[in-house]
Amino acid sequence: MEPNLLKYVWRHSRKEQIWMLIIILLSMPTYFLSLELPKRIVNGPIQGLGFESPDDVGHFLQTYLPVPDWILGEPILLFSGFELERIPFLLALSLTFLGLVAANGLFKLYINTFKGRMGERILRRLRFQLFDRVLRYPLPRFRRTKSSEVATMIKDEVEPMGEFIGDAYTLPLFLGGQALTGLTFIFLQNTMLGFATLVIVVIQAWLVPRLRRRLIQLGKQRQIASRELAGRLGEIVDGIQDAHTNDTTNYERANISDILGRLYFIRFELFQRKFGVKFINNLLIQFLAFLFYAVGGYLAITGTMDIGQLVAVIAAYKDLPDPIRGLIDYDQRRLTVEVRYEQILEQFAADDLQDPETQITATGPVPQLSKGFDISNLAVTDETGTKLIEKASVTINIGEQLAIVGAVNSGSHHMAEVLARVLKPTSGRVYVNGTPIDDLPEYVTGRRISYVDGGTFFPQTSILNALTYVLKNQPIVDRDLTGAEEALYMNQLAETRRAANIELDFNANWVDYDRAGVKGPSELIEEIRSILVDVQLEEDIRGFGLRGTLDPAEYGDLCDQLIIARKRFKARLSELGFEDFVEPFEPNSYNIQASVAENLLFGTALDSAYKPENLASNPIVQSILVENDLEDALFEMGKEVAATTVDLFGDLAPDNPFFDQLNYMDAEDLPEYKAALTRIGNLSISKIDKEDRLLIMKLPFSYTENKNRLGLLTDDLRARILEARKSIRLILSKLKVPPVAFFETESYNPAASVLDNVLLGRVATNVAEGSGRVDEAIKALLDEMGLTDDIFHIGLDFNIGTGGKRLSEIQRQKLHLARALLKKPDFLIVNRALNSLDSRSQRNIIENVLKRARNTDGHPCGVIWVPINPKISLLFDRVLLFSDGELIADGNPDDMNKSQPQFQELLNV
Amino acid sequence: MSTLEDEVTLLRRIPLFSAIDPGKLKLLAFASDRQVFHDGQTVFKQGDVGDAAYVVVSGIADVIVSIGGNDVSVAKLSENDFIGEIAILCDMPRTATIKAEGELDTLKIKKEHFLGLIEDAPQLGIEVMRELALRLSKTTAELSEARQQLKSQSS
């Protein structure tokens with residue numbers, strides 16, 4: 001990249017800069033005329049200059065050759081103009097003025113738009129180039145690079161450059177021209193004053209850059225401190241858990257406060273100096289005014305210079321400070337952005353950037369590797385000079401199943417990294433497919449070799465997208481665009497070209513089904529499913545599907561099927577032996593497994609005003625309770641619950657373990673209830689405080705008969721609650737946005753999970769593993785109805801959260817392995833992955849993977865595994881044993897187990 | 001549906017809890033979960049970490065000990081018997097597997113509730129000691145009898 005911003009801008013916008021200069025020059029005459037005209041309107045037709053006698057006429061559009069008089073002696077008339085009387089002349093001039101103003105505005109609009117567009121294009125190009133460099137950095141560099149610093153450099157630090165780029169060339173030329181004109185004019189009027197002005201300007205030109213040296217330094221410091229701030233903020237957020245678990249939040253606060261303090265002092269000094277420089281500039285310019293008044297005045301008084309000349313010089317001087325100030329401001333901006341540019345370039349500079357050729361897209365399908373790895377005299381040394389691997393020579397053939405074992409830091413781990421091209425050899429040769437690995441484009445190694453290690457970072461996306469990521473190497477099927485969309489896309493593409501960004505369509509279909517060995521989306525899901533079964537993740541995904549919610553608008557058919565499933569499940573309850581502990585929601589009966597609130601609303605609250613804790617203060621519910629003669633009864637019930645609770649828990653210390661069983665009241669609220677009960681005594685609800693009433697009325701709604709077992713729900717009370725249920729239903733369903741999703745046999749509840757929709761009831765808590773058994777039965781039913789695939793599909797849409805954090809570490813590791821298998825590689829390299837799994841699951845998964853690798857019809861897949869437990873290596877055909885960076889044995893694990901002492905020792909640890 | 005009162009009555013029938021203040025017993029009943037196991041269902045497995053004890057309300061619990069890979073049924077527990085208290089008293093894994101024989105209705109008492117109750121009611125602690133001492137003497141008697149048999153067989 002160009003070392004200097006102005007050069008960079010020139011290189012990428014030469015034509016545009018010149019074009020804009022031409023337009024600016026073209027706009028000048030209209031601009032000056034629009035300034036000139038008002039004076040002529042006022043002096044001429046309005047004040048009557050030249051219209052002294054009634055016969056006088058004005059000459060409209062009279063034009064002289066635009067050359068100063070002093071060149072040719074007298075003005076040369078080009079066009080004598082139309083003769084107009086005073087009023088028509090006024091109108092003609094005013095209309096001309098209007099036209100000029102409009103033309104002027106249009107010029108301005110065009111120039112600004114043009115400038116802005118040019119700036120944005122170059123900004124886009126610059127950002128893209130920087131990002132491109134990030135992708136080409138050698139991997140070890142990322143050990144020292146903070147992600148948020150890179151983000152802030154590409155995003156924020158280059159931003160002001162966009163605004164500057166439009167002005168980079170035109171503004172100094174334009175302002176310089178103006179200043180030069182003014183200066184020349186002063187010279188022509190009076191040489192001495194001209195020289196005086198020149199001297200002042202030269203002093204400025206000499207002094208100001210010197211004053212700015214410190215400003216440049218400060219600018220650099222500010223940029224570095226801001227970047228450090230961004231970097232630290234990113235780090236703290238990424239490691240937020242450690243700050244809490246180690247009580248180091250205040251250490252982090254102090255750290256950020258320290259950086260903010262440094263930033264403050266840098267910024268403060270910066271603007272102090274900035275204004276200081278401005279002050280000196282203004283003083284020097286105003287010193288000129290002093291010269292003109294004092295010296296010019298003196299000369300005029302003594303008669304060396306006539307008054308007319310002095311007035312002309314002072315008038316010319318008036319126009320001088322603005323362009324000079326403008327130039328100085330421009331220079332200031334230039335310096336700031338140039339410093340930024342150089343700073344950023346320095347950060348992004350690397351002499352060992354990857355050759356862009358290694359990252360080009362493939363021109364056709366990438367053929368399978370015909371030869372495996374051929375490694376001789378491999379040595380790897382890390383940046384501190386520690387030897388990681390020494391003199392390793394080995395050949396690994398296509399289809400081999402090989403384990404690399406050794407103690408931690410023995411070199412086994414690094415060997416796998418070298419094979420995956422993650423670690424660069426220091427010396428020796430690593431050949432793949434008969435070619436040095438570094439000479440191969442990434443589309444060969446990246447598609448034919450899979451690599452999985454213990455790292456489990458995923459960007460936020462769905463499980464399906466996380467899996468298919470490995471198949472997205474280049475657009476496979478273009479988008480189907482309508483006429484208008486096509487035009488829009490072509491426009492976007494043209495702009496992409498102008499900014500020299502990559503021209504691949506991000507919104508095309510990138511998923512390469514061929515590489516996964518399938519024909520289309522449905523086969524892909526099947527393939528994914530069989531892989532997930534092998535890595536023991538399939539059940540988890542189905543679990544996500546079962547516990548996820550569905551939008552009936554999108555999955556209409558499935559929802560219909562689930563309603564059928566609901567009916568079948570209900571019909572089957574007794575057959576399954578569940579009728580004693582599963583109670584479906586029936587519109588006409590009270591569900592004793594559900595709370596009073598659920599029985600009353602007969603649905604789940606969508607609006608928080610209908611949540612159990614808010615029902616007591618909900619006016620609609622309140623009026624229905626009164627109507628159905630329920631208020632008193634519920635109040636009595638609340639009193640009973642409160643009294644029992646106070647009785648049971650009243651004299652326990654608040655930290656007593658028994659409190660965790662109390663689900664409808666907080667331990668701290670007990671004294672309040674105790675006091676309220678004393679106040680209320682036997683008073684009826686109408687005679688007590690509103691606050692006491694609310695306090696008591698909170699309790700009955702969350703009372704669940706079968707859980708709390710206080711025997712408070714009489715048959716009569718249940719019947720009245722059912723009556724109230726009907727009234728509530730009637731009133732709420734009239735509302736525009738229903739605040740409650742009702743339990744309905746015939747419709748799918750989008751607020752509840754798939755499982756709850758099929759169940760549409762409650763499971764008693766007093767049956768051991770009751771809800772687990774119910775879940776199993778529902779799964780079996782859905783399976784039987786052929787809905788498992790749909791459920792699995794919904795599970796694949798599960799959003800894994802930022803960094804994949806909604807999945808467990810184990811699930812993330814399995815997902816990583818799954819997608820390495822999905823791309824059907826020639827070599828699968830697994831480097832101490834699955835380290836969160838217990839050894840039995842690890843072993844099962846490895847066995848599955850080895851079996852899968854063997855059974856790829858006509859497509860042998862080699863497996864290179866660095867197991868956590870060396871005993872696992874007995875499952876492989878061949879073992880490489882590393883010790884202290886050296887490859888000390890290579891052979892069949894069973895033979896080695898008989899004769900190789902170090903291998904035996906490793907297995908017996 | 002049984003209420004809290006029913007459960008209190010039930011708890012009072014159990015010798016271990018007979019001396020406890022009725023208020024405390026009600027609290028224990030409130031805090032415990034009623035758990036019903038179907039025929040053959042495992043209540044807990046030998047070797048698991050114990051976090052609760054169970055009182056048999058009705059039905060029969062089969063106590064199974066795994067000896068050298070073979071499961072041997074060593075005892076049957078029935079109404080009012082207390083199961084699994086050793087694991088929660090001394091923080092050790094379950095010493096036997098318990099399975100329901102027919103429908104087994106139990107009251108599950110969590111470890112922290114049980115220990116909390118002993119702190120509040122020392123009488124319960126003494127009852128537990130008595131119960132354990134009785135079992136120990138019984139076991140000792142059985143052991144010496146077994147030794148005797150072994151001796152007579154070998155000689």
# chains A, B, ... in the order shown; residues from 1 in each chain; ligands from 1
call {"tool": "interface_residues", "arguments": {"of": "chain B", "to": "chain A", "cutoff": "9 Å", "atoms": "only C-alpha atoms", "output": "ChimeraX atom specification"}}
result
/B:1-5,23-24,26-28,30-38,41,43,105,112-113,116
call {"tool": "residues_around", "arguments": {"residues": "A:Leu402", "least_positions_apart": "3", "cutoff": "9 Å", "atoms": "only C-alpha atoms", "output": "list in words"}}
result
Ile396, Gly862, Val863, Ile864, Trp865, Val866, Ser873, Phe876, Asp877, Arg878, Val879 and Leu880 of chain A
call {"tool": "closest_residue", "arguments": {"among": "A:Arg232, A:Gly772, A:Leu284, A:Gly239", "to": "A:Asn255", "atoms": "only C-alpha atoms"}}
result
A:Arg232
call {"tool": "select_by_dssp", "arguments": {"residues": "stretch 478-657 of chain A", "states": "strand (DSSP E)", "output": "short mmCIF file (atom, residue, chain, number, x, y, z; two decimals) with C-alpha atoms, in the first residue's frame"}}
result
data_model
loop_
_atom_site.label_atom_id
_atom_site.label_comp_id
_atom_site.auth_asym_id
_atom_site.auth_seq_id
_atom_site.Cartn_x
_atom_site.Cartn_y
_atom_site.Cartn_z
CA VAL A 582 -50.71 -36.51 33.81
CA GLU A 583 -53.61 -34.15 33.84
CA PRO A 584 -54.53 -32.59 30.49
CA GLY A 603 -53.59 -20.18 29.30
CA THR A 604 -50.11 -18.68 29.51
CA ALA A 605 -49.69 -14.95 30.00
#
call {"tool": "residues_around", "arguments": {"residues": "A:Leu130", "least_positions_apart": "2", "cutoff": "10 Å", "atoms": "only C-alpha atoms", "output": "list in words"}}
result
Met1, Arg124, Arg125, Leu126, Arg127, Phe128, Asp132, Arg133, Val134, Leu135, Arg136, Val150, Met153, Ile154, Ile344, Leu345, Gln347, Phe348 and Ala349 of chain A
call {"tool": "select_by_dssp", "arguments": {"residues": "stretch 446-610 of chain A", "states": "alpha helix (DSSP H)", "output": "ChimeraX atom specification"}}
result
/A:446-448,463-468,483-498,521-534,538-547,556-576,596-601
